[in-house]
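K.L.:
Before we start, here is the structure in question, set down as structure tokens.
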Amino acid sequence: MEVYTGGAFQGKLEYVLAKKGYGKENVLEGAVLNPAASMGGYKVINHFHEFVRNYADKPEEVNSFAEILIRTRDDIIIITDQVGCGIVPLDREERKWRELHGRVMCRLASNAKHVERIICGMGQVIK
């Protein structure tokens, strides 16, 4: 598993596709990701934070899906926006999503073989 993170609009997807030689047909968008559905032949999950947002009221499903990825998809690449650096949201639901995303990403990153932060389209290896 590999994790790529960074701020919004920093060129994360383009960076990963160029680095790996993949096309957009290999990318599953997090906004449509359903933990019960098959991952098929997808190699990249883009906007993983949107998946977590969509299931923030079902943290057990998010955690279960993360565990499945850890156990069965050592080839998957997860791309996510860096969430949580800045002002703490006033909205309770936004805080709940932010915390869930942070905790899940800590678990995924600790189990990943490679973690990289993308800034201005350039990679900074973390792990």
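By convention in this document, the chains of the structure tokens carry letters A, B, ... by their order, each chain's residues are numbered from 1, and ligands are numbered from 1 in the order they are shown.
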Which residues are close to segment 88-100 of chain A, i.e. within 9 Å by only C-alpha atoms, leaving aside same-chain residues fewer than 3 positions away? Reply as a count of residues only.
P.N.:
16
K.L.:
Report the residues of chain A whose backbone DSSP state falls under strand (DSSP E), written as an NGL selection string.
P.N.:
:A and (2-6 or 27-29 or 44-46 or 77-81 or 114-119 or 122-125)
K.L.:
Counting only C-alpha atoms, which of A:Thr72, A:Phe65, A:Ile78, A:Glu60 gets nearest to Val27 of chain A?
P.N.:
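Under the stated criterion, the closest residue is A:Ile78.
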K.L.:
Please provide the set of residues having any atom within 9 Å of His114 of chain A, restricted to only C-alpha atoms, with same-chain residues fewer than 5 positions apart removed, written as a PDB file with C-alpha atoms, in the first residue's frame.
P.N.:
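Saved result, selection39.pdb, follows:
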```pdb
ATOM      1  CA  MET A   1       0.000   0.000   0.000  1.00  0.00           C
ATOM      2  CA  GLU A   2       1.119   3.538  -0.739  1.00  0.00           C
ATOM      3  CA  VAL A   3      -0.336   6.764   0.649  1.00  0.00           C
ATOM      4  CA  TYR A   4      -0.051  10.181  -0.979  1.00  0.00           C
ATOM      5  CA  ALA A 109      -0.017   5.247   6.723  1.00  0.00           C
ATOM      6  CA  VAL A 125       8.964  11.186   1.006  1.00  0.00           C
ATOM      7  CA  ILE A 126       7.801  10.660   4.588  1.00  0.00           C
ATOM      8  CA  LYS A 127       8.201   6.885   4.736  1.00  0.00           C
TER       9      LYS A 127
END
```
K.L.:
Pick out the residues sitting within 9 Å of segment 45-48 of chain A, and hand them over as a ChimeraX atom specification; count only C-alpha atoms, and ignore anything fewer than 5 positions along from it in its own chain.
P.N.:
/A:12-13,26-31,33,53,76-81,101
K.L.:
Env of Met122 of chain A: 10 Å cut, atoms = only C-alpha atoms, seq-sep filter 3 positions within chain, self excluded. Answer as a list in words.
P.N.:
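Residues meeting the cut-off are Gln10, Gly11, Lys12, Tyr15, Glu116, Arg117, Ile118, Ile119 and Val125 of chain A.
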K.L.:
The selected residues should be written to file as a compact mmCIF listing (two decimals), in the first residue's frame (atoms: all heavy atoms).
P.N.:
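Full text of part.txt as output:
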```
# COMPACT_ATOMS: atom_id res chain seq x y z
N GLN A 10 -2.92 20.29 -5.18
CA GLN A 10 -1.46 20.30 -5.21
C GLN A 10 -0.89 19.34 -6.25
O GLN A 10 0.32 19.12 -6.30
CB GLN A 10 -0.90 19.95 -3.82
CG GLN A 10 -1.19 21.00 -2.77
CD GLN A 10 -0.52 22.32 -3.09
OE1 GLN A 10 0.68 22.38 -3.35
NE2 GLN A 10 -1.29 23.39 -3.09
N GLY A 11 -1.74 18.74 -7.08
CA GLY A 11 -1.27 17.87 -8.15
C GLY A 11 -1.00 16.44 -7.73
O GLY A 11 -0.20 15.75 -8.37
N LYS A 12 -1.68 15.98 -6.70
CA LYS A 12 -1.43 14.64 -6.18
C LYS A 12 -1.73 13.55 -7.21
O LYS A 12 -0.91 12.67 -7.44
CB LYS A 12 -2.22 14.41 -4.89
CG LYS A 12 -1.81 15.30 -3.74
CD LYS A 12 -2.61 15.04 -2.49
CE LYS A 12 -4.05 15.42 -2.58
NZ LYS A 12 -4.33 16.86 -2.72
N TYR A 15 0.66 13.58 -10.16
CA TYR A 15 1.97 13.12 -9.70
C TYR A 15 2.00 11.59 -9.65
O TYR A 15 2.92 10.96 -10.16
CB TYR A 15 2.26 13.72 -8.32
CG TYR A 15 3.56 13.27 -7.71
CD1 TYR A 15 4.74 13.95 -7.97
CD2 TYR A 15 3.61 12.17 -6.85
CE1 TYR A 15 5.94 13.55 -7.39
CE2 TYR A 15 4.80 11.76 -6.28
CZ TYR A 15 5.97 12.46 -6.55
OH TYR A 15 7.16 12.05 -5.98
N GLU A 116 3.99 9.60 1.03
CA GLU A 116 4.59 10.78 0.43
C GLU A 116 3.63 11.96 0.53
O GLU A 116 2.42 11.80 0.37
CB GLU A 116 4.90 10.48 -1.05
CG GLU A 116 6.06 11.22 -1.60
CD GLU A 116 6.53 10.68 -2.95
OE1 GLU A 116 6.49 9.44 -3.17
OE2 GLU A 116 6.93 11.50 -3.78
N ARG A 117 4.18 13.14 0.80
CA ARG A 117 3.39 14.38 0.80
C ARG A 117 3.69 15.09 -0.52
O ARG A 117 4.85 15.20 -0.92
CB ARG A 117 3.80 15.27 1.97
CG ARG A 117 3.06 16.61 1.95
CD ARG A 117 3.52 17.55 3.04
NE ARG A 117 3.26 16.98 4.35
CZ ARG A 117 4.13 17.00 5.35
NH1 ARG A 117 5.30 17.55 5.20
NH2 ARG A 117 3.83 16.47 6.51
N ILE A 118 2.64 15.59 -1.16
CA ILE A 118 2.80 16.30 -2.42
C ILE A 118 2.53 17.78 -2.17
O ILE A 118 1.48 18.16 -1.65
CB ILE A 118 1.82 15.77 -3.51
CG1 ILE A 118 1.88 14.25 -3.60
CG2 ILE A 118 2.09 16.44 -4.84
CD1 ILE A 118 3.25 13.67 -3.89
N ILE A 119 3.50 18.59 -2.54
CA ILE A 119 3.40 20.04 -2.40
C ILE A 119 3.79 20.65 -3.74
O ILE A 119 4.89 20.38 -4.26
CB ILE A 119 4.34 20.57 -1.30
CG1 ILE A 119 4.03 19.88 0.03
CG2 ILE A 119 4.23 22.09 -1.16
CD1 ILE A 119 5.07 20.09 1.10
N VAL A 125 9.12 12.50 0.42
CA VAL A 125 8.96 11.19 1.01
C VAL A 125 8.93 11.30 2.53
O VAL A 125 9.83 11.91 3.14
CB VAL A 125 10.09 10.23 0.55
CG1 VAL A 125 9.97 8.88 1.25
CG2 VAL A 125 10.05 10.05 -0.96
```
K.L.:
Got a sec to tell me which of segment 27-81 of chain A DSSP assigns to helix (DSSP H, G or I), as an NGL selection string?
P.N.:
:A and (30-32 or 48-54 or 59-72)
K.L.:
Find the residue from A:Ile87, A:Ala112, A:Val16, A:Cys120 that sits nearest to Val44 of chain A; use only C-alpha atoms when measuring.
P.N.:
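Of A:Ile87, A:Ala112, A:Val16, A:Cys120, the one nearest Val44 of chain A, counting only C-alpha atoms, is A:Val16.
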